[in-house]
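Source file: final_31.cif; contents: mmCIF, C-alpha atoms.
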data_my_file
#
loop_
_atom_site.group_PDB
_atom_site.id
_atom_site.type_symbol
_atom_site.label_atom_id
_atom_site.label_comp_id
_atom_site.auth_asym_id
_atom_site.auth_seq_id
_atom_site.Cartn_x
_atom_site.Cartn_y
_atom_site.Cartn_z
ATOM 1 C CA MET A 1 -3.903 -86.605 84.030
ATOM 2 C CA SER A 2 -1.029 -87.691 81.964
ATOM 3 C CA ASN A 3 -1.475 -91.352 82.857
ATOM 4 C CA VAL A 4 -5.138 -91.189 81.985
ATOM 5 C CA SER A 5 -4.269 -89.627 78.688
ATOM 6 C CA VAL A 6 -1.754 -92.325 77.958
ATOM 7 C CA ASP A 7 -4.134 -95.084 79.007
ATOM 8 C CA ALA A 8 -6.906 -93.537 76.960
ATOM 9 C CA THR A 9 -4.600 -93.386 73.927
ATOM 10 C CA GLU A 10 -3.498 -97.007 74.368
ATOM 11 C CA SER A 11 -7.102 -98.075 74.903
ATOM 12 C CA ALA A 12 -8.155 -96.286 71.752
ATOM 13 C CA HIS A 13 -5.203 -97.826 69.921
ATOM 14 C CA ASN A 14 -6.180 -101.332 71.065
ATOM 15 C CA GLU A 15 -9.815 -100.818 70.126
ATOM 16 C CA ASN A 16 -9.007 -99.467 66.643
ATOM 17 C CA GLN A 17 -5.898 -101.503 65.919
ATOM 18 C CA PRO A 18 -6.993 -102.973 62.558
ATOM 19 C CA GLU A 19 -8.078 -99.538 61.332
ATOM 20 C CA ASN A 20 -4.902 -97.871 62.586
ATOM 21 C CA ASN A 21 -2.697 -100.512 60.970
ATOM 22 C CA THR A 22 -4.374 -99.821 57.656
ATOM 23 C CA ARG A 23 -3.990 -96.092 58.175
ATOM 24 C CA ARG A 24 -0.338 -96.507 59.165
ATOM 25 C CA ARG A 25 0.424 -98.459 56.014
ATOM 26 C CA PHE A 26 -1.307 -95.794 53.919
ATOM 27 C CA LEU A 27 0.643 -92.984 55.585
ATOM 28 C CA THR A 28 3.917 -94.867 55.193
ATOM 29 C CA VAL A 29 3.320 -95.429 51.478
ATOM 30 C CA ALA A 30 2.122 -91.866 50.964
ATOM 31 C CA THR A 31 5.129 -90.443 52.767
ATOM 32 C CA SER A 32 7.483 -92.598 50.696
ATOM 33 C CA VAL A 33 5.835 -91.502 47.455
ATOM 34 C CA VAL A 34 5.927 -87.823 48.399
ATOM 35 C CA GLY A 35 9.518 -88.156 49.546
ATOM 36 C CA GLY A 36 10.471 -89.883 46.303
ATOM 37 C CA VAL A 37 8.807 -87.190 44.233
ATOM 38 C CA GLY A 38 10.594 -84.542 46.249
ATOM 39 C CA ALA A 39 13.929 -86.272 45.713
ATOM 40 C CA VAL A 40 13.320 -86.488 41.982
ATOM 41 C CA GLY A 41 12.219 -82.853 41.907
ATOM 42 C CA ALA A 42 15.374 -81.826 43.698
ATOM 43 C CA ALA A 43 17.536 -83.974 41.451
ATOM 44 C CA VAL A 44 16.265 -82.531 38.172
ATOM 45 C CA PRO A 45 17.577 -78.974 38.653
ATOM 46 C CA PHE A 46 20.751 -80.352 40.188
ATOM 47 C CA ILE A 47 21.449 -82.583 37.200
ATOM 48 C CA ALA A 48 20.447 -79.806 34.823
ATOM 49 C CA SER A 49 23.018 -77.575 36.479
ATOM 50 C CA TRP A 50 25.754 -79.847 35.114
ATOM 51 C CA ASN A 51 24.928 -78.726 31.574
ATOM 52 C CA PRO A 52 25.883 -75.225 30.350
ATOM 53 C CA SER A 53 22.939 -72.856 30.146
ATOM 54 C CA ALA A 54 21.751 -71.311 26.900
ATOM 55 C CA LYS A 55 23.159 -68.020 28.159
ATOM 56 C CA ALA A 56 26.556 -69.616 28.779
ATOM 57 C CA LYS A 57 26.532 -71.150 25.313
ATOM 58 C CA ALA A 58 25.647 -67.807 23.770
ATOM 59 C CA ALA A 59 28.461 -66.170 25.714
ATOM 60 C CA GLY A 60 31.276 -68.282 24.407
ATOM 61 C CA ALA A 61 30.476 -71.574 22.754
ATOM 62 C CA ASP A 62 31.951 -72.381 19.343
ATOM 63 C CA VAL A 63 29.559 -72.865 16.440
ATOM 64 C CA GLU A 64 30.088 -75.624 13.882
ATOM 65 C CA VAL A 65 28.698 -74.873 10.425
ATOM 66 C CA ASP A 66 28.216 -77.131 7.412
ATOM 67 C CA ILE A 67 29.190 -75.008 4.406
ATOM 68 C CA SER A 68 28.886 -77.741 1.778
ATOM 69 C CA GLY A 69 25.543 -76.412 0.539
ATOM 70 C CA ILE A 70 26.556 -72.767 0.010
ATOM 71 C CA GLU A 71 26.276 -71.823 -3.648
ATOM 72 C CA PRO A 72 28.845 -69.502 -5.319
ATOM 73 C CA GLY A 73 27.879 -65.914 -4.530
ATOM 74 C CA GLN A 74 25.545 -66.960 -1.707
ATOM 75 C CA LEU A 75 25.598 -65.619 1.868
ATOM 76 C CA ILE A 76 24.333 -67.558 4.865
ATOM 77 C CA ARG A 77 23.868 -66.285 8.415
ATOM 78 C CA VAL A 78 24.555 -68.057 11.712
ATOM 79 C CA MET A 79 24.549 -66.849 15.309
ATOM 80 C CA TRP A 80 27.695 -66.838 17.432
ATOM 81 C CA ARG A 81 27.896 -65.201 20.873
ATOM 82 C CA SER A 82 24.519 -63.573 20.155
ATOM 83 C CA LYS A 83 25.956 -61.919 17.043
ATOM 84 C CA PRO A 84 25.090 -62.537 13.390
ATOM 85 C CA VAL A 85 27.949 -64.058 11.439
ATOM 86 C CA TRP A 86 27.990 -64.084 7.649
ATOM 87 C CA ILE A 87 29.600 -66.795 5.566
ATOM 88 C CA VAL A 88 29.911 -65.894 1.887
ATOM 89 C CA ARG A 89 31.178 -68.157 -0.850
ATOM 90 C CA ARG A 90 32.894 -65.727 -3.188
ATOM 91 C CA THR A 91 33.180 -66.363 -6.903
ATOM 92 C CA PRO A 92 36.465 -65.943 -8.824
ATOM 93 C CA GLU A 93 35.012 -62.730 -10.297
ATOM 94 C CA ILE A 94 34.353 -61.288 -6.829
ATOM 95 C CA LEU A 95 37.872 -62.163 -5.697
ATOM 96 C CA GLU A 96 39.362 -60.508 -8.768
ATOM 97 C CA GLN A 97 37.406 -57.315 -8.149
ATOM 98 C CA LEU A 98 38.928 -56.830 -4.679
ATOM 99 C CA GLY A 99 42.096 -55.329 -6.145
ATOM 100 C CA ASN A 100 40.290 -52.767 -8.288
ATOM 101 C CA HIS A 101 39.143 -50.239 -5.657
ATOM 102 C CA GLU A 102 41.705 -50.333 -2.851
ATOM 103 C CA GLY A 103 42.452 -46.613 -3.332
ATOM 104 C CA GLU A 104 38.886 -45.902 -2.161
ATOM 105 C CA LEU A 105 39.206 -47.800 1.136
ATOM 106 C CA LYS A 106 40.136 -46.540 4.626
ATOM 107 C CA ASP A 107 42.150 -49.621 5.599
ATOM 108 C CA PRO A 108 42.812 -51.689 2.463
ATOM 109 C CA ASN A 109 45.637 -53.679 4.068
ATOM 110 C CA SER A 110 43.672 -54.573 7.215
ATOM 111 C CA GLU A 111 46.159 -52.920 9.545
ATOM 112 C CA ALA A 112 43.603 -52.243 12.282
ATOM 113 C CA GLU A 113 42.988 -55.196 14.616
ATOM 114 C CA GLN A 114 39.667 -56.294 13.158
ATOM 115 C CA GLN A 115 40.739 -59.799 12.179
ATOM 116 C CA PRO A 116 42.932 -62.704 13.266
ATOM 117 C CA VAL A 117 46.496 -62.690 11.967
ATOM 118 C CA PHE A 118 45.643 -65.318 9.357
ATOM 119 C CA ALA A 119 43.158 -62.886 7.775
ATOM 120 C CA GLN A 120 45.514 -59.931 7.373
ATOM 121 C CA ASN A 121 45.469 -60.202 3.619
ATOM 122 C CA ARG A 122 43.524 -58.773 0.698
ATOM 123 C CA PHE A 123 40.847 -61.428 1.026
ATOM 124 C CA ARG A 124 40.655 -61.206 4.842
ATOM 125 C CA SER A 125 40.150 -64.942 5.016
ATOM 126 C CA LEU A 126 41.802 -68.265 5.674
ATOM 127 C CA LYS A 127 40.546 -69.608 2.355
ATOM 128 C CA GLU A 128 40.076 -67.061 -0.409
ATOM 129 C CA GLU A 129 36.749 -68.512 -1.489
ATOM 130 C CA TYR A 130 35.055 -68.127 1.910
ATOM 131 C CA LEU A 131 34.545 -64.796 3.615
ATOM 132 C CA ILE A 132 33.466 -64.975 7.267
ATOM 133 C CA LEU A 133 32.451 -61.748 8.996
ATOM 134 C CA VAL A 134 30.555 -60.519 12.028
ATOM 135 C CA GLY A 135 27.580 -58.862 10.329
ATOM 136 C CA ILE A 136 27.530 -55.709 12.476
ATOM 137 C CA CYS A 137 28.465 -52.260 11.185
ATOM 138 C CA THR A 138 31.436 -50.754 13.020
ATOM 139 C CA HIS A 139 29.651 -47.407 13.262
ATOM 140 C CA LEU A 140 26.615 -47.886 15.528
ATOM 141 C CA GLY A 141 25.950 -51.611 15.372
ATOM 142 C CA CYS A 142 23.364 -51.893 12.590
ATOM 143 C CA SER A 143 23.401 -54.892 10.264
ATOM 144 C CA PRO A 144 24.409 -54.041 6.668
ATOM 145 C CA GLN A 145 22.693 -55.455 3.594
ATOM 146 C CA HIS A 146 24.379 -57.763 1.105
ATOM 147 C CA LEU A 147 24.006 -56.213 -2.354
ATOM 148 C CA LYS A 148 25.146 -58.364 -5.266
ATOM 149 C CA GLY A 149 24.821 -58.896 -8.991
ATOM 150 C CA GLY A 150 25.437 -55.224 -9.793
ATOM 151 C CA ALA A 151 23.139 -53.832 -7.072
ATOM 152 C CA PHE A 152 26.056 -52.437 -5.055
ATOM 153 C CA GLU A 153 27.209 -50.481 -8.100
ATOM 154 C CA GLU A 154 24.351 -48.069 -7.435
ATOM 155 C CA ILE A 155 26.147 -47.237 -4.166
ATOM 156 C CA VAL A 156 29.779 -47.385 -5.346
ATOM 157 C CA GLU A 157 30.446 -46.964 -9.042
ATOM 158 C CA GLY A 158 32.374 -49.808 -10.625
ATOM 159 C CA VAL A 159 31.928 -52.183 -7.662
ATOM 160 C CA PRO A 160 29.093 -54.669 -8.354
ATOM 161 C CA ASP A 161 29.049 -56.489 -4.981
ATOM 162 C CA GLY A 162 29.374 -55.309 -1.406
ATOM 163 C CA PHE A 163 27.675 -54.510 1.901
ATOM 164 C CA PHE A 164 25.654 -51.357 2.548
ATOM 165 C CA CYS A 165 24.432 -50.152 5.935
ATOM 166 C CA PRO A 166 21.108 -48.338 5.414
ATOM 167 C CA CYS A 167 21.194 -46.745 8.876
ATOM 168 C CA HIS A 168 23.868 -44.143 8.093
ATOM 169 C CA GLY A 169 25.245 -45.087 4.674
ATOM 170 C CA SER A 170 28.444 -46.968 5.493
ATOM 171 C CA LYS A 171 29.818 -49.131 2.667
ATOM 172 C CA PHE A 172 32.041 -52.216 2.715
ATOM 173 C CA ASP A 173 33.512 -54.323 -0.072
ATOM 174 C CA MET A 174 33.387 -58.107 -0.410
ATOM 175 C CA ALA A 175 36.267 -58.477 2.028
ATOM 176 C CA GLY A 176 34.422 -56.395 4.619
ATOM 177 C CA ARG A 177 36.763 -53.426 4.101
ATOM 178 C CA VAL A 178 35.208 -50.020 4.717
ATOM 179 C CA PHE A 179 35.137 -47.311 2.058
ATOM 180 C CA GLN A 180 36.308 -43.763 2.670
ATOM 181 C CA ASN A 181 33.942 -40.886 3.491
ATOM 182 C CA VAL A 182 31.416 -42.961 5.454
ATOM 183 C CA PRO A 183 30.606 -42.950 9.210
ATOM 184 C CA ALA A 184 31.984 -46.452 9.952
ATOM 185 C CA PRO A 185 35.594 -46.056 11.158
ATOM 186 C CA LEU A 186 36.788 -49.653 10.753
ATOM 187 C CA ASN A 187 36.522 -52.723 8.579
ATOM 188 C CA LEU A 188 33.943 -55.337 9.539
ATOM 189 C CA VAL A 189 35.212 -57.803 12.155
ATOM 190 C CA VAL A 190 36.499 -61.217 11.120
ATOM 191 C CA PRO A 191 35.824 -63.662 13.988
ATOM 192 C CA PRO A 192 38.259 -66.418 14.949
ATOM 193 C CA TYR A 193 37.508 -69.614 13.038
ATOM 194 C CA GLN A 194 39.033 -72.770 11.640
ATOM 195 C CA PHE A 195 38.212 -75.301 8.948
ATOM 196 C CA VAL A 196 37.756 -78.874 10.145
ATOM 197 C CA ASP A 197 37.528 -80.094 6.557
ATOM 198 C CA ASP A 198 36.361 -78.765 3.196
ATOM 199 C CA ALA A 199 32.721 -78.862 4.313
ATOM 200 C CA THR A 200 32.905 -77.761 7.959
ATOM 201 C CA VAL A 201 34.007 -74.582 9.707
ATOM 202 C CA ILE A 202 34.092 -73.893 13.447
ATOM 203 C CA ILE A 203 33.501 -70.279 14.431
ATOM 204 C CA GLY A 204 34.896 -69.171 17.755
ATOM 205 C CA SER A 205 38.370 -70.695 17.895
ATOM 206 C CA GLU A 206 41.409 -70.780 15.680
ATOM 207 C CA ALA A 207 43.484 -73.789 14.722
ATOM 208 C CA GLU A 208 46.620 -74.133 16.818
ATOM 209 C CA ALA A 209 49.786 -72.974 15.148
ATOM 210 C CA VAL A 210 51.936 -75.899 14.001
#

Go ahead and render the structure in this file as structure tokens.
Amino acid sequence: MSNVSVDATESAHNENQPENNTRRRFLTVATSVVGGVGAVGAAVPFIASWNPSAKAKAAGADVEVDISGIEPGQLIRVMWRSKPVWIVRRTPEILEQLGNHEGELKDPNSEAEQQPVFAQNRFRSLKEEYLILVGICTHLGCSPQHLKGGAFEEIVEGVPDGFFCPCHGSKFDMAGRVFQNVPAPLNLVVPPYQFVDDATVIIGSEAEAV
């Protein structure tokens, strides 16, 4: 039986040789194309795996910010590690006001570890003009509002600019320092950062000590 089957197959092959050759070439080409597509399909996720994912970037990547366009008194927001970060360009008047209400603050000298060492000063900043804060209230994680041009004075008498958390009434001055008698226990967090030049700041890492 097996010999007959083989002979029958060979006979059929000999009788249909031109057709089978054409079919063989088609199958060979088709297989090559499918194989090539499969290889490319496999290569794409493999190559993509070399690049950090969006989640990985959100978890720890530094953020470079162009601050050249920030007007005096203006606040801009960027995202770093899935958190809002504020960058405020403070005016000379705002800086001068910071010394006028320190008796009303919980931690006026920034003794709690809410900032890098370079920001343990009245201005809580590397450069007095620029305030950089994580825009999350230290009470329950709400995002405070920036009140300026006298609007904050409705919350704290004699202090025209500051941050107010509408969730539970916590108040912070223009250095992110928390006022007394509010739910928030700590000053707003100053993230690590460094200035590359006068127009660029990198949030997420500090300059190496010289």

Next item on the list: Please identify all polymer residues within 12 Å of A:Gly169, counting only C-alpha atoms, omitting same-chain residues fewer than 6 positions from it, and present them as a VMD selection string.
Entry: chain A and resid 137 to 140 142 to 145 155 to 156 163 178 to 184

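Applied to this file, the PyMOL selection byres ((chain A and resi 206) around 7) selects Pro192, Tyr193, Gln194, Ser205, Ala207 and Glu208 of chain A.
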
Note to self: Need the shell around A:Leu131: protein/DNA/RNA residues with any atom at most 7 Å away, counting all atoms listed in the file. Skip same-chain ones fewer than 4 positions apart. Format as a PyMOL selection string?
What the structure shows: chain A and resi 87-89+125+175

Check: From the list A:Thr200, A:Val189, A:Ala61, A:Phe195, which residue is nearest A:Gln115 when using all atoms listed in the file?
Finding: A:Val189

Margin query: Taking 4 positions as the minimum chain separation for residues in the same chain, which residues sit within 9 Å of A:Lys83 when counting all atoms listed in the file? Answer as number ranges by chain.
Written below: A: 58, 78-79, 134-136

Fill-in result for stretch 132-150 of chain A, N, CA and C atoms as a JSON list (two decimals), in the frame of the given file:
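Written out: part_16.json:
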[["chain", "number", "residue", "atom", "x", "y", "z"],
["A", 132, "ILE", "N", 34.21, -64.81, 6.03],
["A", 132, "ILE", "CA", 33.47, -64.97, 7.27],
["A", 132, "ILE", "C", 33.60, -63.68, 8.07],
["A", 133, "LEU", "N", 32.47, -63.05, 8.33],
["A", 133, "LEU", "CA", 32.45, -61.75, 9.00],
["A", 133, "LEU", "C", 31.39, -61.70, 10.08],
["A", 134, "VAL", "N", 31.61, -60.88, 11.10],
["A", 134, "VAL", "CA", 30.56, -60.52, 12.03],
["A", 134, "VAL", "C", 29.71, -59.45, 11.32],
["A", 135, "GLY", "N", 28.43, -59.73, 11.13],
["A", 135, "GLY", "CA", 27.58, -58.86, 10.33],
["A", 135, "GLY", "C", 27.04, -57.66, 11.08],
["A", 136, "ILE", "N", 27.93, -56.90, 11.71],
["A", 136, "ILE", "CA", 27.53, -55.71, 12.48],
["A", 136, "ILE", "C", 28.39, -54.54, 12.02],
["A", 137, "CYS", "N", 27.75, -53.45, 11.63],
["A", 137, "CYS", "CA", 28.46, -52.26, 11.18],
["A", 137, "CYS", "C", 29.32, -51.71, 12.33],
["A", 138, "THR", "N", 30.52, -51.26, 11.99],
["A", 138, "THR", "CA", 31.44, -50.75, 13.02],
["A", 138, "THR", "C", 31.14, -49.30, 13.39],
["A", 139, "HIS", "N", 30.05, -48.77, 12.88],
["A", 139, "HIS", "CA", 29.65, -47.41, 13.26],
["A", 139, "HIS", "C", 28.79, -47.45, 14.52],
["A", 140, "LEU", "N", 27.53, -47.86, 14.38],
["A", 140, "LEU", "CA", 26.62, -47.89, 15.53],
["A", 140, "LEU", "C", 25.93, -49.24, 15.71],
["A", 141, "GLY", "N", 26.45, -50.27, 15.08],
["A", 141, "GLY", "CA", 25.95, -51.61, 15.37],
["A", 141, "GLY", "C", 24.76, -52.08, 14.56],
["A", 142, "CYS", "N", 24.43, -51.39, 13.47],
["A", 142, "CYS", "CA", 23.36, -51.89, 12.59],
["A", 142, "CYS", "C", 23.88, -53.08, 11.79],
["A", 143, "SER", "N", 22.99, -53.76, 11.08],
["A", 143, "SER", "CA", 23.40, -54.89, 10.26],
["A", 143, "SER", "C", 23.30, -54.51, 8.79],
["A", 144, "PRO", "N", 24.42, -54.42, 8.08],
["A", 144, "PRO", "CA", 24.41, -54.04, 6.67],
["A", 144, "PRO", "C", 23.69, -55.06, 5.79],
["A", 145, "GLN", "N", 23.33, -54.61, 4.59],
["A", 145, "GLN", "CA", 22.69, -55.46, 3.59],
["A", 145, "GLN", "C", 23.73, -55.97, 2.61],
["A", 146, "HIS", "N", 23.52, -57.19, 2.13],
["A", 146, "HIS", "CA", 24.38, -57.76, 1.10],
["A", 146, "HIS", "C", 23.77, -57.43, -0.25],
["A", 147, "LEU", "N", 24.47, -56.59, -1.02],
["A", 147, "LEU", "CA", 24.01, -56.21, -2.35],
["A", 147, "LEU", "C", 24.91, -56.87, -3.39],
["A", 148, "LYS", "N", 24.33, -57.61, -4.31],
["A", 148, "LYS", "CA", 25.15, -58.36, -5.27],
["A", 148, "LYS", "C", 24.56, -58.29, -6.67],
["A", 149, "GLY", "N", 25.29, -58.85, -7.62],
["A", 149, "GLY", "CA", 24.82, -58.90, -8.99],
["A", 149, "GLY", "C", 24.66, -57.53, -9.63],
["A", 150, "GLY", "N", 25.51, -56.57, -9.25],
["A", 150, "GLY", "CA", 25.44, -55.22, -9.79],
["A", 150, "GLY", "C", 24.67, -54.25, -8.93]]
